[in-house]
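Colleague: So I've got this file, coords26.cif, and it contains mmCIF, C-alpha atoms and all ligand atoms:
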```
data_final
loop_
_atom_site.label_atom_id
_atom_site.label_comp_id
_atom_site.auth_asym_id
_atom_site.auth_seq_id
_atom_site.Cartn_x
_atom_site.Cartn_y
_atom_site.Cartn_z
CA MET A 14 11.97 12.62 77.81
CA SER A 15 13.93 14.11 74.90
CA GLY A 16 13.49 17.41 73.09
CA LYS A 17 14.02 19.84 75.96
CA SER A 18 14.62 23.53 75.53
CA VAL A 19 17.26 25.07 77.79
CA LEU A 20 18.13 28.69 78.52
CA VAL A 21 21.75 29.31 79.58
CA ILE A 22 22.53 32.55 81.48
CA GLY A 23 25.86 34.29 80.91
CA GLY A 24 28.26 35.15 78.13
CA GLY A 25 31.74 33.99 79.01
CA GLY A 26 34.02 31.05 78.31
CA ARG A 27 32.26 29.04 81.02
CA GLU A 28 28.90 29.48 79.30
CA HIS A 29 30.42 28.63 75.90
CA ALA A 30 31.69 25.36 77.39
CA LEU A 31 28.23 24.66 78.83
CA CYS A 32 26.51 25.43 75.51
CA ILE A 33 28.93 23.20 73.54
CA GLY A 34 28.33 20.36 76.03
CA LEU A 35 24.56 20.87 75.83
CA SER A 36 24.70 20.88 72.00
CA GLN A 37 25.97 17.27 72.22
CA SER A 38 23.14 16.20 74.52
CA ASN A 39 20.44 13.76 73.40
CA LEU A 40 18.02 15.31 75.87
CA VAL A 41 18.32 18.88 74.64
CA ALA A 42 16.73 19.99 71.37
CA GLN A 43 17.03 23.76 71.64
CA ILE A 44 19.64 25.97 73.33
CA HIS A 45 19.04 29.63 74.11
CA CYS A 46 21.64 31.82 75.78
CA THR A 47 21.63 35.37 77.11
CA PRO A 48 23.63 37.53 76.58
CA GLY A 49 26.04 35.00 74.94
CA ASN A 50 29.03 35.88 72.75
CA ALA A 51 30.28 35.36 69.18
CA GLY A 52 31.26 31.72 69.82
CA ILE A 53 28.08 30.81 71.68
CA ALA A 54 26.10 32.13 68.69
CA ASP A 55 27.36 29.10 66.69
CA VAL A 56 25.63 26.63 69.03
CA ALA A 57 22.77 28.55 70.66
CA ARG A 58 20.17 31.22 69.92
CA ILE A 59 21.42 34.45 71.47
CA HIS A 60 19.25 36.96 73.35
CA SER A 61 20.05 40.39 74.72
CA VAL A 62 18.80 40.25 78.31
CA SER A 63 21.58 41.01 80.78
CA ALA A 64 22.71 38.19 83.08
CA ASP A 65 21.70 40.09 86.23
CA ASP A 66 18.24 41.17 85.06
CA VAL A 67 16.20 38.65 87.06
CA ALA A 68 12.77 39.82 85.89
CA GLY A 69 13.96 39.99 82.28
CA ILE A 70 15.33 36.43 82.45
CA VAL A 71 12.11 35.05 83.95
CA GLU A 72 10.16 36.71 81.14
CA LEU A 73 12.58 35.41 78.50
CA SER A 74 12.32 31.85 79.89
CA GLY A 75 8.56 32.00 79.36
CA ASN A 76 8.87 33.57 75.91
CA VAL A 77 11.28 30.92 74.58
CA GLY A 78 9.43 28.06 76.33
CA ALA A 79 12.49 27.00 78.35
CA ASP A 80 12.01 23.64 80.11
CA PHE A 81 14.88 24.57 82.40
CA VAL A 82 17.44 27.30 83.00
CA VAL A 83 21.19 26.82 83.57
CA VAL A 84 22.84 29.75 85.38
CA GLY A 85 26.52 30.48 84.70
CA PRO A 86 27.49 33.45 86.95
CA GLU A 87 26.82 34.00 90.66
CA ALA A 88 25.25 37.48 90.49
CA PRO A 89 21.75 36.43 89.34
CA LEU A 90 21.73 33.58 91.88
CA CYS A 91 22.56 36.02 94.70
CA LEU A 92 19.70 38.19 93.37
CA GLY A 93 17.20 35.33 93.67
CA LEU A 94 16.87 34.14 90.05
CA SER A 95 16.44 30.50 91.05
CA ASP A 96 13.65 31.40 93.49
CA ALA A 97 11.89 33.58 90.88
CA LEU A 98 12.02 30.77 88.30
CA SER A 99 10.73 28.20 90.74
CA GLU A 100 7.72 30.44 91.48
CA LYS A 101 6.92 30.06 87.77
CA GLY A 102 7.49 26.30 87.91
CA ILE A 103 10.67 26.43 85.80
CA PRO A 104 13.48 24.16 87.08
CA CYS A 105 16.78 25.96 87.55
CA PHE A 106 20.34 24.64 87.64
CA GLY A 107 21.71 27.00 90.26
CA PRO A 108 20.79 27.36 93.95
CA CYS A 109 18.23 29.60 95.67
CA GLU A 110 19.20 33.02 97.05
CA SER A 111 19.83 31.80 100.59
CA HIS A 112 22.31 29.11 99.47
CA ALA A 113 23.94 31.59 97.07
CA GLN A 114 25.09 33.37 100.25
CA LEU A 115 27.76 30.66 100.52
CA GLU A 116 29.51 32.67 97.80
CA GLY A 117 27.90 36.07 98.43
CA SER A 118 29.07 36.24 102.07
CA LYS A 119 32.36 34.78 103.25
CA LEU A 120 31.23 35.26 106.87
CA TYR A 121 28.09 33.20 106.24
CA ALA A 122 30.14 30.45 104.55
CA LYS A 123 32.57 30.41 107.51
CA GLN A 124 29.71 30.22 110.03
CA VAL A 125 28.12 27.29 108.17
CA MET A 126 31.45 25.44 108.02
CA GLN A 127 32.13 26.14 111.68
CA SER A 128 28.68 24.90 112.73
CA ILE A 129 29.10 21.53 110.99
CA GLY A 130 32.85 21.04 111.47
CA VAL A 131 34.06 21.40 107.87
CA PRO A 132 37.85 22.02 107.85
CA THR A 133 38.70 25.63 106.97
CA ALA A 134 41.10 28.35 108.18
CA LYS A 135 40.41 29.90 111.61
CA PHE A 136 39.00 33.41 111.27
CA ARG A 137 37.96 36.51 113.19
CA LYS A 138 35.63 39.42 112.37
CA ILE A 139 37.25 42.87 112.72
CA ARG A 140 35.04 45.95 113.31
CA THR A 141 37.46 48.58 114.67
CA THR A 142 41.11 49.60 114.37
CA GLY A 143 41.62 48.38 117.96
CA GLU A 144 40.26 44.94 117.07
CA ALA A 145 42.51 45.01 114.00
CA GLU A 146 45.70 45.54 116.05
CA ASP A 147 44.71 42.66 118.39
CA ALA A 148 43.93 40.39 115.45
CA LEU A 149 47.21 41.19 113.65
CA ASP A 150 49.05 40.23 116.86
CA ALA A 151 47.00 37.05 117.31
CA PHE A 152 47.48 35.82 113.72
CA ASP A 153 51.17 35.37 112.96
CA GLY A 154 51.41 37.37 109.72
CA LYS A 155 53.38 34.86 107.72
CA PRO A 156 51.49 36.16 105.85
CA TRP A 157 48.22 37.72 107.03
CA VAL A 158 45.07 36.95 105.01
CA ILE A 159 42.40 39.68 105.00
CA LYS A 160 39.06 39.31 103.19
CA ARG A 161 36.27 41.76 102.49
CA ASP A 162 32.85 40.21 102.87
CA VAL A 163 31.48 41.33 99.49
CA LEU A 164 31.33 39.93 95.95
CA ALA A 165 34.56 41.49 94.70
CA GLY A 166 35.55 39.22 91.81
CA GLY A 167 38.80 38.07 93.46
CA LYS A 168 39.79 41.66 94.36
CA GLY A 169 38.54 41.57 97.94
CA VAL A 170 41.43 39.55 99.37
CA VAL A 171 44.87 40.72 100.51
CA VAL A 172 47.58 38.18 101.40
CA SER A 173 50.64 40.05 102.70
CA GLU A 174 53.39 40.11 105.32
CA ASN A 175 53.47 43.91 105.27
CA ARG A 176 51.64 45.14 108.39
CA ASP A 177 51.14 48.68 107.03
CA GLU A 178 49.65 47.44 103.77
CA VAL A 179 47.37 45.05 105.64
CA MET A 180 46.27 47.77 108.10
CA THR A 181 45.47 50.19 105.26
CA PHE A 182 43.31 47.53 103.58
CA ILE A 183 41.54 46.73 106.87
CA GLU A 184 40.80 50.40 107.58
CA SER A 185 39.43 51.13 104.11
CA SER A 186 37.32 47.95 104.21
CA ILE A 187 35.83 48.87 107.60
CA ILE A 188 34.88 52.28 106.19
CA THR A 189 33.12 50.82 103.13
CA ASP A 190 31.74 47.55 104.55
CA GLY A 191 31.53 48.03 108.35
CA TYR A 192 33.80 45.04 109.05
CA VAL A 193 36.40 42.75 107.48
CA LEU A 194 37.64 39.20 108.12
CA ILE A 195 41.10 37.98 109.06
CA GLU A 196 42.02 34.37 108.40
CA GLU A 197 44.80 32.01 109.31
CA PHE A 198 47.13 31.47 106.32
CA LEU A 199 46.88 27.95 104.93
CA PRO A 200 50.03 26.71 103.17
CA GLY A 201 49.67 24.09 100.43
CA GLU A 202 48.46 23.56 96.89
CA GLU A 203 45.06 24.70 95.62
CA ALA A 204 42.51 22.65 93.69
CA SER A 205 38.95 23.29 92.55
CA LEU A 206 36.35 20.60 93.10
CA LEU A 207 33.03 20.95 91.29
CA VAL A 208 30.22 19.01 92.96
CA ILE A 209 26.83 18.66 91.27
CA MET A 210 24.07 18.44 93.88
CA ASP A 211 20.35 18.00 94.29
CA ALA A 212 18.13 17.19 97.29
CA GLU A 213 19.13 13.53 97.47
CA GLU A 214 22.49 13.04 95.79
CA PHE A 215 25.81 14.58 94.81
CA VAL A 216 28.40 13.72 92.15
CA CYS A 217 31.97 15.04 92.03
CA LEU A 218 33.51 16.04 88.69
CA PRO A 219 37.27 15.63 88.13
CA ALA A 220 39.20 18.19 90.21
CA SER A 221 41.02 20.95 88.36
CA GLN A 222 43.61 23.61 89.09
CA ASP A 223 43.26 27.29 88.20
CA HIS A 224 46.08 29.86 87.76
CA LYS A 225 44.81 33.04 89.39
CA ARG A 226 47.83 35.36 89.11
CA GLU A 227 48.41 37.38 85.95
CA PHE A 228 52.04 36.42 85.18
CA ASN A 229 54.18 33.28 84.77
CA GLY A 230 55.40 31.77 88.03
CA ASP A 231 52.22 32.91 89.87
CA LYS A 232 53.43 36.53 89.97
CA GLY A 233 51.43 39.75 89.73
CA ARG A 234 47.85 40.64 90.49
CA ASN A 235 44.94 38.27 91.00
CA THR A 236 42.72 37.70 87.96
CA GLY A 237 39.53 35.75 87.33
CA GLY A 238 41.81 32.91 86.17
CA MET A 239 44.44 32.78 83.42
CA GLY A 240 44.28 29.06 82.67
CA ALA A 241 43.39 25.70 84.16
CA TYR A 242 43.82 21.99 83.75
CA ALA A 243 42.04 18.80 84.77
CA PRO A 244 42.39 16.29 86.24
CA ALA A 245 44.65 17.80 88.93
CA PRO A 246 47.20 15.17 90.12
CA VAL A 247 47.36 16.81 93.59
CA PHE A 248 43.79 15.61 94.12
CA ASP A 249 44.71 11.93 94.40
CA LYS A 250 42.50 9.10 95.71
CA SER A 251 43.44 9.74 99.33
CA VAL A 252 42.73 13.50 99.13
CA GLU A 253 39.52 12.72 97.28
CA SER A 254 38.18 10.43 99.98
CA LYS A 255 39.07 12.95 102.74
CA ALA A 256 37.41 15.77 100.76
CA ILE A 257 34.25 13.72 100.28
CA GLU A 258 34.02 12.51 103.88
CA ASN A 259 35.00 15.74 105.66
CA ILE A 260 33.65 18.41 103.30
CA VAL A 261 31.25 17.28 100.56
CA LYS A 262 29.09 14.87 102.57
CA PRO A 263 28.54 17.18 105.55
CA MET A 264 27.82 20.15 103.26
CA HIS A 265 25.36 18.13 101.17
CA GLN A 266 23.63 16.81 104.25
CA TRP A 267 23.35 20.28 105.78
CA LEU A 268 22.04 21.78 102.52
CA SER A 269 19.53 18.98 102.05
CA ASN A 270 18.12 19.64 105.53
CA GLN A 271 17.38 23.30 104.73
CA PRO A 272 13.87 24.39 103.61
CA ILE A 273 15.05 24.43 99.97
CA PRO A 274 17.72 21.89 98.94
CA TYR A 275 20.73 22.85 96.83
CA ARG A 276 20.23 22.23 93.12
CA GLY A 277 23.24 23.16 91.02
CA VAL A 278 27.00 23.02 91.32
CA LEU A 279 28.94 23.77 94.50
CA TYR A 280 32.48 24.91 93.68
CA VAL A 281 34.74 23.89 96.55
CA GLY A 282 38.00 25.86 96.48
CA LEU A 283 40.49 23.68 98.38
CA MET A 284 43.90 24.10 99.94
CA ILE A 285 45.64 20.74 100.27
CA ASP A 286 48.38 20.72 102.91
CA GLU A 287 51.64 18.72 103.03
CA SER A 288 49.92 15.73 104.64
CA GLY A 289 47.28 15.67 101.92
CA ASP A 290 44.55 17.11 104.15
CA PRO A 291 42.07 19.35 102.30
CA PHE A 292 40.73 22.63 103.76
CA VAL A 293 38.06 24.87 102.24
CA VAL A 294 39.37 28.26 101.06
CA GLU A 295 36.08 29.35 99.51
CA PHE A 296 32.76 28.17 98.16
CA ASN A 297 31.27 29.37 94.90
CA VAL A 298 27.74 28.52 93.84
CA ARG A 299 28.51 28.10 90.13
CA PHE A 300 31.05 26.52 87.81
CA GLY A 301 34.51 28.10 87.89
CA ASP A 302 35.77 30.03 84.90
CA PRO A 303 38.12 28.73 83.40
CA GLU A 304 37.74 25.47 85.41
CA CYS A 305 34.48 24.74 83.55
CA GLN A 306 36.27 24.80 80.17
CA VAL A 307 38.54 21.90 81.22
CA THR A 308 35.95 19.95 83.19
CA ILE A 309 32.97 19.77 80.83
CA PRO A 310 35.00 18.19 77.96
CA LEU A 311 36.00 15.34 80.32
CA ILE A 312 32.36 14.35 80.92
CA ALA A 313 31.57 11.36 78.69
CA SER A 314 27.93 10.98 79.79
CA ASP A 315 25.15 13.35 78.67
CA LEU A 316 25.66 16.91 80.07
CA GLY A 317 22.04 17.92 79.36
CA GLU A 318 20.80 14.98 81.42
CA LEU A 319 23.23 15.80 84.23
CA LEU A 320 22.10 19.43 84.54
CA TRP A 321 18.40 18.56 84.07
CA SER A 322 18.66 15.78 86.69
CA ALA A 323 20.20 18.11 89.28
CA SER A 324 17.52 20.75 88.58
CA THR A 325 14.72 18.23 89.15
CA ASP A 326 16.10 16.05 91.98
CA CYS A 327 16.79 13.05 89.71
CA LEU A 328 20.58 12.81 90.17
CA GLN A 329 20.24 9.42 91.86
CA LYS A 330 19.29 7.96 88.48
CA TYR A 331 22.20 9.57 86.62
CA ASP A 332 25.36 7.62 85.80
CA LEU A 333 28.32 9.96 85.51
CA GLU A 334 30.98 8.74 83.08
CA ILE A 335 34.34 10.49 82.74
CA HIS A 336 36.82 10.23 79.85
CA ASN A 337 40.22 8.86 80.78
CA SER A 338 41.97 11.89 79.27
CA ALA A 339 43.07 15.43 80.13
CA ALA A 340 42.21 19.01 79.24
CA LEU A 341 44.21 22.22 79.62
CA THR A 342 43.09 25.74 78.79
CA VAL A 343 45.08 28.95 78.29
CA VAL A 344 43.29 32.30 78.55
CA LEU A 345 44.06 35.07 76.07
CA ALA A 346 43.65 38.40 77.91
CA SER A 347 43.26 41.92 76.56
CA GLU A 348 45.86 44.63 77.07
CA GLY A 349 45.16 46.25 80.47
CA TYR A 350 43.55 43.19 82.11
CA PRO A 351 43.05 42.66 85.10
CA GLY A 352 42.81 46.46 85.27
CA THR A 353 40.70 48.26 82.66
CA PRO A 354 40.97 46.24 79.43
CA ILE A 355 41.31 47.81 76.00
CA THR A 356 38.50 46.37 73.89
CA ASP A 357 36.98 46.46 70.38
CA ARG A 358 40.12 45.10 68.75
CA GLU A 359 39.91 42.59 65.92
CA ILE A 360 40.87 38.97 66.65
CA ILE A 361 42.66 37.30 63.73
CA GLY A 362 43.49 33.67 62.98
CA LEU A 363 40.51 31.89 64.55
CA GLU A 364 39.67 30.07 61.31
CA GLU A 365 43.15 28.48 61.37
CA ILE A 366 42.22 26.49 64.48
CA HIS A 367 41.09 22.95 63.68
CA HIS A 368 41.93 21.06 66.89
CA GLY A 369 40.93 21.43 70.52
CA ILE A 370 38.03 23.62 71.65
CA LEU A 371 38.16 27.35 71.12
CA HIS A 372 36.10 28.81 73.98
CA HIS A 373 34.96 32.35 73.31
CA ALA A 374 34.73 34.56 76.41
CA ALA A 375 34.56 38.30 75.61
CA THR A 376 33.87 38.39 71.88
CA ALA A 377 31.28 39.87 69.56
CA LYS A 378 30.78 39.68 65.80
CA LYS A 379 30.48 43.00 63.98
CA SER A 380 30.47 43.40 60.18
CA GLY A 381 32.02 39.97 59.72
CA GLN A 382 34.86 40.65 62.19
CA ILE A 383 35.30 39.05 65.60
CA LEU A 384 36.10 41.79 68.14
CA SER A 385 37.28 41.65 71.76
CA THR A 386 34.74 43.04 74.25
CA GLY A 387 36.33 42.50 77.68
CA GLY A 388 39.29 41.31 79.75
CA ARG A 389 39.40 37.58 79.23
CA VAL A 390 38.78 37.19 75.49
CA LEU A 391 39.29 33.53 74.60
CA ALA A 392 40.21 30.28 76.31
CA CYS A 393 42.15 27.89 74.09
CA THR A 394 41.39 24.42 75.37
CA GLY A 395 43.59 21.52 74.34
CA LEU A 396 42.58 17.89 74.82
CA GLY A 397 44.79 14.82 74.93
CA ASP A 398 45.51 11.44 76.46
CA ASP A 399 47.49 13.21 79.17
CA LEU A 400 48.19 16.75 80.41
CA SER A 401 51.29 17.25 78.30
CA ALA A 402 49.42 16.37 75.10
CA ALA A 403 46.57 18.68 76.11
CA ARG A 404 49.05 21.44 76.91
CA LYS A 405 50.78 21.09 73.53
CA GLN A 406 47.49 21.45 71.71
CA ALA A 407 46.33 24.45 73.78
CA TYR A 408 49.57 26.36 73.08
CA GLU A 409 49.46 25.50 69.35
CA MET A 410 46.02 27.06 69.30
CA ILE A 411 46.92 30.24 71.15
CA TYR A 412 50.10 30.88 69.16
CA SER A 413 48.04 31.03 65.95
CA ILE A 414 45.81 33.86 67.25
CA GLU A 415 46.56 37.56 66.84
CA LEU A 416 45.06 40.27 69.05
CA GLU A 417 46.93 43.54 69.47
CA GLY A 418 48.30 44.04 73.00
CA SER A 419 47.01 40.69 74.24
CA ARG A 420 48.91 38.29 76.45
CA PHE A 421 48.71 34.89 78.07
CA ARG A 422 50.62 32.83 80.62
CA GLU A 423 53.18 30.44 79.17
CA ASP A 424 53.32 28.13 82.19
CA ILE A 425 49.79 26.77 82.54
CA GLY A 426 50.05 23.29 84.03
CA HIS A 427 53.54 23.89 85.47
CA ARG A 428 52.76 22.29 88.83
CA ALA A 429 51.52 19.08 87.28
CA LEU A 430 54.09 18.70 84.48
P1 LIG B 501 39.19 33.66 97.96
O1 LIG B 501 38.52 34.81 97.25
O2 LIG B 501 38.69 33.47 99.33
O3 LIG B 501 39.16 32.42 97.15
O4 LIG B 501 40.75 34.04 98.02
C1 LIG B 501 41.50 34.32 96.83
C2 LIG B 501 42.82 33.60 96.86
O5 LIG B 501 43.58 34.00 98.01
C3 LIG B 501 42.70 32.08 96.99
O6 LIG B 501 42.53 31.46 95.75
C4 LIG B 501 44.04 31.73 97.62
O7 LIG B 501 45.06 31.69 96.65
C5 LIG B 501 44.31 32.90 98.52
N1 LIG B 501 43.82 32.59 99.88
C6 LIG B 501 42.61 32.88 100.38
N2 LIG B 501 42.47 32.46 101.65
C7 LIG B 501 43.64 31.89 101.98
C8 LIG B 501 44.14 31.26 103.18
N3 LIG B 501 43.40 31.19 104.29
N4 LIG B 501 45.39 30.77 103.15
C9 LIG B 501 46.16 30.86 102.02
N5 LIG B 501 45.76 31.46 100.89
C10 LIG B 501 44.51 31.96 100.85
N1 LIG B 502 38.44 30.64 88.41
C1 LIG B 502 37.97 30.95 89.70
C2 LIG B 502 36.53 31.19 89.79
O1 LIG B 502 35.79 30.96 88.86
O2 LIG B 502 36.09 31.63 90.84
#
```
Would you mind giving the structure from this file in structure tokens?
Ligand code: AMP
Ligand code: GLY
Modeller:
Amino acid sequence: MSGKSVLVIGGGGREHALCIGLSQSNLVAQIHCTPGNAGIADVARIHSVSADDVAGIVELSGNVGADFVVVGPEAPLCLGLSDALSEKGIPCFGPCESHAQLEGSKLYAKQVMQSIGVPTAKFRKIRTTGEAEDALDAFDGKPWVIKRDVLAGGKGVVVSENRDEVMTFIESSIITDGYVLIEEFLPGEEASLLVIMDAEEFVCLPASQDHKREFNGDKGRNTGGMGAYAPAPVFDKSVESKAIENIVKPMHQWLSNQPIPYRGVLYVGLMIDESGDPFVVEFNVRFGDPECQVTIPLIASDLGELLWSASTDCLQKYDLEIHNSAALTVVLASEGYPGTPITDREIIGLEEIHHGILHHAATAKKSGQILSTGGRVLACTGLGDDLSAARKQAYEMIYSIELEGSRFREDIGHRAL
């Protein structure tokens, strides 16, 4: 069953990691990617259809003769890309529109978890200022956690002890969205668990830890993620078995009983409390970015076969093998990120990098130069026998790169090391 053609959707560091993994697959003969980036162009044929143009992607899949499609970001899944491809008989790694609501709507995700008893923070829906005052009294505010129920790229959540700030956020959210959610604050340490699923089976990849705040010491604004490492020591054997029994198995069973099963990756954002009990903070219906960049390199078995198997309900026959090593990635961000980034600046020094994996995120090649095109520009991924070796390599890589105004966190991996 070799010689497959795959179309990867997206153009960030996550999709570069997927394309590199697929380029090492014995199953995959041809890789197409849209819209891609300057790094992806080294391993895949790049196209110019935007990642949220569902009709354009379906047409492109036919034109390039894709045997299957691997979807990086959530937006096209929430717009029904997987459903549109399956109407054409093209297998898709990425769930149907109704399951994509697990990421698209926090209220929906909460209701599903509540209905099947998956551990998560208690919550309440707030529709009026009166309800808001009651809710702020009922939840203790150490701190309060308020979430908009929209895809907001990490910007729809406020965690604060300041009642005025929280009230202002609630009021503006009610005006734009009609309602907002309040949640009990969960103390603990976060981890990201990526679970590959199809109708019959699931397999868990090594858990990782993201660094969402912009500055060292987890200070500053939330970002898409400034760095990550895997495996995450906080996710030990005992946490793993609780997460599988209490979260992954019930979710998989529930999804498999729906009219269309889940085929793709379920990202389980966990909070692990002092007693080692895991709670779900959020679900995403795609690989994390930058979690993907540190997880894919740890997979020793064939990535093409893994993604193809999940897309076609053959996971039961797949043997996942994981390297006994570690990966750590540091994101190089443009000046201005996570606000409006300054782009179109030349990136210098990339040819000096001979170790690790240089994951391109927001890059384009113009007249022989590599230019920045967005907020998170590169992810420098170090590999090693352990986290400290991986960390050393990742920082050697990033220190040899020049991009005017750019910055990165110097403490990626601090909790584990
Ligand atoms: P979310 O978009 O739901 O993942 O929330 C963004 C971030 O806010 C998470 O990664 C956590 O760091 C934090 N957060 C969200 N919900 C909670 C909660 N219930 N308790 C503590 N921290 C939370
Ligand atoms: N790095 C967090 C996410 O991909 O949602």
Colleague: Could you pull the residues within 10 Å of region 374-383 of chain A, counting all atoms listed in the file, minus those fewer than 2 positions along the same chain, as a ChimeraX atom specification?
Modeller: /A:23-30,49-54,302-303,344-347,356-361,363,371-372,385-392
Colleague: Choose the residue, out of A:Ser95, A:Gln406, A:Asn270, A:Ser221, that has the smallest atom-to-atom separation from Asp65 (chain A); count all atoms listed in the file.
Modeller: A:Ser95
Colleague: Find the residue from A:Asp177, A:Glu87, A:Glu258, A:Asp286 that sits nearest to ligand LIG 501 (chain B); use only C-alpha atoms and all ligand atoms when measuring.
Modeller: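 Nearest to ligand LIG 501 (chain B): A:Asp286.
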Colleague: Would you tabulate, counting all atoms listed in the file, all residues of chain A that have an atom at most 6 Å from an atom of ligand LIG 501 (chain B), showing the closest pair of atoms and their distance in Å to one decimal, sorted by chain then ascending number, as a tab-separated table?
Modeller:
```
residue	atom	partner	partner_atom	distance
A:Ala134	CA	B:LIG501	N3	5.3
A:Gly167	CA	B:LIG501	O1	5.0
A:Val170	CA	B:LIG501	O4	5.7
A:Glu196	CA	B:LIG501	N3	5.4
A:Glu197	CA	B:LIG501	N3	5.3
A:Phe198	CA	B:LIG501	N4	3.7
A:Leu199	CA	B:LIG501	N4	3.7
A:Pro200	CA	B:LIG501	C9	5.8
A:Val294	CA	B:LIG501	N2	5.3
A:Glu295	CA	B:LIG501	O2	4.9
```
Colleague: Using all atoms listed in the file, determine which residues fall within 9 Å of ligand LIG 502 (chain B), then list them as a CSV table (one decimal) with C-alpha atoms, in the coordinates of the input.
Modeller:
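Result saved to selection-v1.csv:
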```csv
chain,number,residue,atom,x,y,z
A,27,ARG,CA,32.3,29.0,81.0
A,86,PRO,CA,27.5,33.4,87.0
A,166,GLY,CA,35.6,39.2,91.8
A,167,GLY,CA,38.8,38.1,93.5
A,205,SER,CA,39.0,23.3,92.6
A,222,GLN,CA,43.6,23.6,89.1
A,223,ASP,CA,43.3,27.3,88.2
A,224,HIS,CA,46.1,29.9,87.8
A,225,LYS,CA,44.8,33.0,89.4
A,236,THR,CA,42.7,37.7,88.0
A,237,GLY,CA,39.5,35.8,87.3
A,238,GLY,CA,41.8,32.9,86.2
A,239,MET,CA,44.4,32.8,83.4
A,240,GLY,CA,44.3,29.1,82.7
A,241,ALA,CA,43.4,25.7,84.2
A,280,TYR,CA,32.5,24.9,93.7
A,282,GLY,CA,38.0,25.9,96.5
A,295,GLU,CA,36.1,29.4,99.5
A,296,PHE,CA,32.8,28.2,98.2
A,297,ASN,CA,31.3,29.4,94.9
A,299,ARG,CA,28.5,28.1,90.1
A,300,PHE,CA,31.0,26.5,87.8
A,301,GLY,CA,34.5,28.1,87.9
A,302,ASP,CA,35.8,30.0,84.9
A,303,PRO,CA,38.1,28.7,83.4
A,304,GLU,CA,37.7,25.5,85.4
A,305,CYS,CA,34.5,24.7,83.6
```
Colleague: What does the distance between CA of Gln127 (chain A) and CA of Gly93 (chain A) come to in Å, to one decimal place?
Modeller: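 Taking CA of Gln127 (chain A) and CA of Gly93 (chain A), their separation equals 25.1 Å.
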Colleague: Residues within 12 Å of region 156-163 of chain A, please, as a PyMOL selection string. Count all atoms listed in the file; anything in the same chain fewer than 6 positions from it doesn't count.
Modeller: chain A and resi 88+91+114-123+134-140+145+148-150+169-200+294-295
Colleague: For Ser338 (chain A), work out the shell of residues within 6 Å, counting all atoms listed in the file and skipping chain neighbours fewer than 3 positions away, then give it as a list in words.
Modeller: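 Result of the neighbour search: Gly397, Asp398 and Asp399 of chain A.
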Colleague: With distances taken over all atoms listed in the file, which residue among A:Leu94, A:Ala245, A:Val56, A:Ile33 lies nearest Ala68 (chain A)?
Modeller: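 The answer is A:Leu94, which sits nearest to Ala68 (chain A).
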Colleague: So which one's closest to Gly317 (chain A), A:Val83, A:Ile425, A:Ile22, A:Val281? Using only C-alpha atoms, please.
Modeller: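 Selected residue with least distance to Gly317 (chain A): A:Val83.
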Colleague: Just checking: using only C-alpha atoms, which residue out of A:Leu207, A:Val247, A:Phe106, A:Lys168 ends up closest to Asn235 (chain A)?
Modeller: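 Among the listed residues, the smallest separation from Asn235 (chain A) belongs to A:Lys168.
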Colleague: In Å, rounded to a single decimal, give me how far CA of Leu328 (chain A) is from CA of Glu214 (chain A).
Modeller: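 Computed distance, CA of Glu214 (chain A) to CA of Leu328 (chain A), equals 5.9 Å.
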Colleague: Kindly give the distance, in Å, that separates CA of Leu396 (chain A) and CA of Leu333 (chain A), rounded to a single decimal.
Modeller: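 Taking CA of Leu396 (chain A) and CA of Leu333 (chain A), their separation equals 19.5 Å.
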Colleague: Enclose all atoms of region 112-127 of chain A listed in the file in an axis-aligned box, grow every side by 3 Å, and hand back centre and edge lengths in Å to one decimal, as lines of an AutoDock Vina configuration file.
Modeller:
```
center_x = 27.4
center_y = 30.8
center_z = 104.4
size_x = 16.3
size_y = 16.8
size_z = 20.6
```
Colleague: List as a list in words the protein and nucleic acid residues near Gln266 (chain A), meaning an atom at most 9 Å away when all atoms listed in the file are counted, but skip any in the same chain fewer than 4 places from it.
Modeller: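 Once the nearby chain positions are removed, what remains is Ala212, Glu213, Val261, Lys262 and Asn270 of chain A.
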Colleague: Determine, counting only C-alpha atoms, which protein, DNA and RNA residues have an atom within 10 Å of an atom of Met264 (chain A); residues of the same chain fewer than 2 positions away are not included. Present the result as a PyMOL selection string.
Modeller: chain A and resi 125-126+129-131+257-262+266-270+275+279
